[in-house]
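Okay, structure first, notes after.
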Amino acid sequence: VGSLSIESVSKTYDPEGARVVALHDCSVDIAPGDFLAIVGPSGCGKSTLMNIIAGFDNVTEGRVLLDGQLLATPSSPPKPGPDRVVVFQNGALFPWKTVLENVMYGPLVQHKMALDAAEERAMDLLTKCGGLDKVAASYPPQLSSGMQRRVEIVRALINEPKILLLDEPFRAMDTVSKNTMHQHLLEMYRVCRKTILFITHDLEEAIYLADKVIVMTSRPGTIKSTIAVNLPRP
Ligand code: ADP
Ligand code: ADP
C-alpha cells in the first residue's frame, strides 16, 4: 500500500475574483515505499499540493488516487483521514499529555484499542524509532523541538498511515539539529518503510533524504523535472 497518483492536477484560488493559479497541470506518481521530496521556491504550490493530498483542500482540475482509490476530484468534497498524516514545522502534540499518552491517542481513540494493548504498542514503536521510550514520561514542552518532531512522526506512524506527509518539518532548526533529524528520519524510514512525501525549499536537504526529487517552479505552479537520487538505497 501507499501508491499515489497525481494526475494533471490544477488548483485555482478564487476563480471569480483575484484569480491565483497555485498549481497548473501537475502529474506525479509515487510507488509504495518511495521517499519522494518536492522542492521549489516559496509560493510554487508545494503546500497546496500537500493540502490536496491530505484532504484539506479540493482540486480544480485533474484527480488524485491513493492505492487506486479516488481521493480528490473537482466534484468531490475534500476528505482528510488517518491514512494520510501531515507533520508540520510547528508542534501539534498535546502539551498536557505525556509522550506516551500522545502516541497512544490514535490507537485508543481512532482504533478503539484496549488501554494496555495501546500502551504496549506505543512503547514498542517509541523504542524502535531511535530509543524514544526514554522520553515516554516527559511532557512535550520539556523536549527540544527536534525531539518533539520525532515524537510527532511516531504518533503519525502508529496509525499505520498509507503515506506520511512532511511539510518542511525541520525548517526552523539550525544546521546541526537539522542534520541530526535527517539521520533520525532515515532511521525511522528504514524501520517503517512507509511512502514518504517530504516538502522543502532546501534542495540539498531534498537530495540528501529522498530517492526522487521533484522540482517545482512558480507562476503558475508546475513540475519542472524529476530527478532520481540515492538509488538504489543501501
Ligand atoms: P508554497 O507552499 O510552495 O510556498 P503555496 O502552495 O503555499 O506555495 O502557494 C501557492 C500559491 O497559491 C501562492 O501564490 C499563494 O499565494 C497562493 N495561495 C495559497 N493558498 C491560498 C489561498 N487560500 N487563497 C488564495 N491564494 C492562495
Ligand atoms: P562534501 O562537502 O565533501 O560533499 P558533506 O559535508 O556534504 O561532504 O558530507 C559529509 C557527511 O555529512 C555526509 O556523508 C553525511 O553523513 C553528512 N551530511 C551531509 N549533508 C547532510 C545533511 N543534509 N543532513 C545530514 N547529514 C548530512
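In the C-alpha cells, chains take the letters A, B, ... in the order shown, each chain's residues start at 1, and ligands count up from 1 in the order shown.
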Show me a table, sorted first by chain and then by increasing residue number, of the residues of chain A having an atom at most 10 Å from ligand 1, each with its shortest atom pair and the distance in Å to one decimal, counting only C-alpha atoms and all ligand atoms and written as a Markdown table.
| residue | atom | partner | partner_atom_place_in_ligand_line | distance |
| --- | --- | --- | --- | --- |
| A:Lys11 | CA | ligand 1 | 12 (O) | 8.4 |
| A:Thr12 | CA | ligand 1 | 12 (O) | 7.9 |
| A:Tyr13 | CA | ligand 1 | 25 (C) | 4.9 |
| A:Asp14 | CA | ligand 1 | 25 (C) | 6.6 |
| A:Pro15 | CA | ligand 1 | 25 (C) | 9.8 |
| A:Ala18 | CA | ligand 1 | 25 (C) | 8.3 |
| A:Arg19 | CA | ligand 1 | 25 (C) | 7.9 |
| A:Val20 | CA | ligand 1 | 26 (N) | 5.7 |
| A:Val21 | CA | ligand 1 | 12 (O) | 6.5 |
| A:Ala22 | CA | ligand 1 | 12 (O) | 4.0 |
| A:Leu23 | CA | ligand 1 | 10 (C) | 7.2 |
| A:Ile38 | CA | ligand 1 | 3 (O) | 9.2 |
| A:Val39 | CA | ligand 1 | 3 (O) | 8.2 |
| A:Gly40 | CA | ligand 1 | 3 (O) | 6.4 |
| A:Pro41 | CA | ligand 1 | 3 (O) | 6.0 |
| A:Ser42 | CA | ligand 1 | 4 (O) | 3.7 |
| A:Gly43 | CA | ligand 1 | 8 (O) | 3.4 |
| A:Cys44 | CA | ligand 1 | 3 (O) | 3.9 |
| A:Gly45 | CA | ligand 1 | 6 (O) | 3.2 |
| A:Lys46 | CA | ligand 1 | 3 (O) | 3.8 |
| A:Ser47 | CA | ligand 1 | 2 (O) | 3.6 |
| A:Thr48 | CA | ligand 1 | 6 (O) | 3.7 |
| A:Leu49 | CA | ligand 1 | 6 (O) | 6.5 |
| A:Met50 | CA | ligand 1 | 6 (O) | 7.9 |
| A:Asn51 | CA | ligand 1 | 6 (O) | 8.2 |
| A:Ile52 | CA | ligand 1 | 6 (O) | 9.9 |
| A:Asp57 | CA | ligand 1 | 23 (N) | 9.2 |
| A:Asp167 | CA | ligand 1 | 2 (O) | 8.5 |
| A:Glu168 | CA | ligand 1 | 2 (O) | 9.2 |
| A:Ile199 | CA | ligand 1 | 2 (O) | 8.2 |
| A:Thr200 | CA | ligand 1 | 3 (O) | 8.5 |
| A:His201 | CA | ligand 1 | 3 (O) | 7.8 |
| A:Met216 | CA | ligand 1 | 3 (O) | 8.2 |
| A:Thr217 | CA | ligand 1 | 3 (O) | 8.6 |
| A:Ser218 | CA | ligand 1 | 10 (C) | 7.8 |
| A:Arg219 | CA | ligand 1 | 14 (O) | 7.5 |
| A:Pro220 | CA | ligand 1 | 11 (C) | 7.9 |
| A:Gly221 | CA | ligand 1 | 10 (C) | 6.9 |
What's the 7 Å shell around range 83-95 of chain A, counting only C-alpha atoms, without same-chain residues fewer than 4 positions away, as JSON, numbers by chain?
-> {"A": [54, 102, 139, 140, 141, 148, 149, 152, 153, 156, 160, 161, 162, 163, 164, 165, 166, 167, 168, 169, 170, 171]}
I need the residues from that last selection saved to file as a short mmCIF file (atom, residue, chain, number, x, y, z; two decimals), in the first residue's frame (with N, CA and C atoms), if you can.
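Wrote selection-v1.cif, looks like this:
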data_model
loop_
_atom_site.label_atom_id
_atom_site.label_comp_id
_atom_site.auth_asym_id
_atom_site.auth_seq_id
_atom_site.Cartn_x
_atom_site.Cartn_y
_atom_site.Cartn_z
N ALA A 54 -3.59 15.62 1.58
CA ALA A 54 -4.04 15.40 2.96
C ALA A 54 -5.56 15.44 3.08
N ASN A 102 0.40 10.80 24.22
CA ASN A 102 0.24 11.38 22.89
C ASN A 102 0.26 10.29 21.82
N TYR A 139 6.70 15.49 29.18
CA TYR A 139 5.67 16.28 28.53
C TYR A 139 6.33 17.06 27.37
N PRO A 140 5.63 17.21 26.23
CA PRO A 140 6.24 17.84 25.05
C PRO A 140 6.97 19.16 25.32
N PRO A 141 6.42 20.08 26.14
CA PRO A 141 7.16 21.34 26.35
C PRO A 141 8.53 21.16 27.02
N GLN A 148 10.46 16.75 19.79
CA GLN A 148 9.00 16.84 19.58
C GLN A 148 8.63 16.37 18.18
N ARG A 149 9.42 16.79 17.19
CA ARG A 149 9.14 16.39 15.81
C ARG A 149 9.23 14.87 15.66
N GLU A 152 6.19 13.36 17.08
CA GLU A 152 5.07 13.56 16.16
C GLU A 152 5.08 12.56 15.02
N ILE A 153 6.28 12.26 14.53
CA ILE A 153 6.38 11.28 13.44
C ILE A 153 5.95 9.90 13.95
N ALA A 156 2.30 9.78 14.21
CA ALA A 156 1.69 9.60 12.89
C ALA A 156 1.80 8.14 12.46
N GLU A 160 -0.61 3.63 11.31
CA GLU A 160 -0.42 2.89 10.06
C GLU A 160 -0.91 3.69 8.85
N PRO A 161 -0.43 4.91 8.68
CA PRO A 161 -0.86 5.68 7.52
C PRO A 161 -0.34 5.03 6.24
N LYS A 162 -1.05 5.26 5.14
CA LYS A 162 -0.56 4.74 3.86
C LYS A 162 0.59 5.61 3.37
N ILE A 163 0.53 6.87 3.76
CA ILE A 163 1.56 7.80 3.31
C ILE A 163 1.82 8.82 4.41
N LEU A 164 3.09 9.12 4.61
CA LEU A 164 3.48 10.10 5.62
C LEU A 164 3.84 11.40 4.91
N LEU A 165 3.14 12.47 5.26
CA LEU A 165 3.35 13.76 4.61
C LEU A 165 4.12 14.68 5.55
N LEU A 166 5.26 15.16 5.09
CA LEU A 166 6.10 16.02 5.93
C LEU A 166 6.25 17.38 5.25
N ASP A 167 5.70 18.41 5.86
CA ASP A 167 5.71 19.74 5.26
C ASP A 167 6.72 20.63 5.97
N GLU A 168 7.93 20.68 5.42
CA GLU A 168 9.04 21.46 5.99
C GLU A 168 9.19 21.23 7.50
N PRO A 169 9.27 19.94 7.92
CA PRO A 169 9.24 19.69 9.37
C PRO A 169 10.44 20.27 10.13
N PHE A 170 11.57 20.45 9.45
CA PHE A 170 12.78 20.90 10.15
C PHE A 170 13.17 22.33 9.77
N ARG A 171 12.24 23.06 9.18
CA ARG A 171 12.53 24.37 8.63
C ARG A 171 13.19 25.34 9.63
#
Counting only C-alpha atoms and all ligand atoms, figure out which residue out of A:Cys192, A:Val215, A:Val176, A:Ile53 gets nearest to ligand 2.
->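 When distances to ligand 2 are compared using only C-alpha atoms and all ligand atoms, the smallest one comes from A:Val176.
Pocket residues of ligand 2, taken as those with any atom at most 9 Å away using only C-alpha atoms and all ligand atoms, are A:Thr175, A:Val176, A:Lys178, A:Asn179, A:Thr180, A:Met181, A:His182, A:Gln183, A:Glu204, A:Glu205, A:Ala206, A:Ile207, A:Tyr208, A:Leu209.
Atom to atom, CA of Val135 in chain A and CA of Tyr189 in chain A stand 20.3 Å apart.
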Go through A:Gly62, A:Pro82, A:Pro77, A:Gly131 one by one, measure the shortest atom-to-atom distance of each to Ser10 in chain A using only C-alpha atoms, and give the residue with the smallest value.
-> A:Gly62
Give the strand (DSSP E or B) residues of range 75-233 of chain A, as assigned by DSSP on the backbone, as a PyMOL selection string.
-> chain A and resi 84-87+163-167+195-200+212-217+222-228
Near range 114-129 of chain A, within 10 Å and counting only C-alpha atoms, which residues show up once chain neighbours fewer than 2 positions away are dropped, as a ChimeraX atom specification?
-> /A:99-109,111-112,131-136,150-151,153-155,157-158,184-185,187-192
Enumerate as a PyMOL selection string all residues of range 15-232 of chain A assigned to alpha helix (DSSP H) by DSSP on the backbone, naming them with the chain letters and numbers the document uses.
-> chain A and resi 46-54+99-105+115-128+145-157+175-192+203-209
Which of A:Leu203, A:Leu4, A:Ala137, A:Ala72 sits closest to Gly33 in chain A [using only C-alpha atoms] =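 Nearest to Gly33 in chain A: A:Leu4.
The gap separating CA of Lys212 in chain A from CA of Asn58 in chain A is 25.3 Å, in Å to one decimal.
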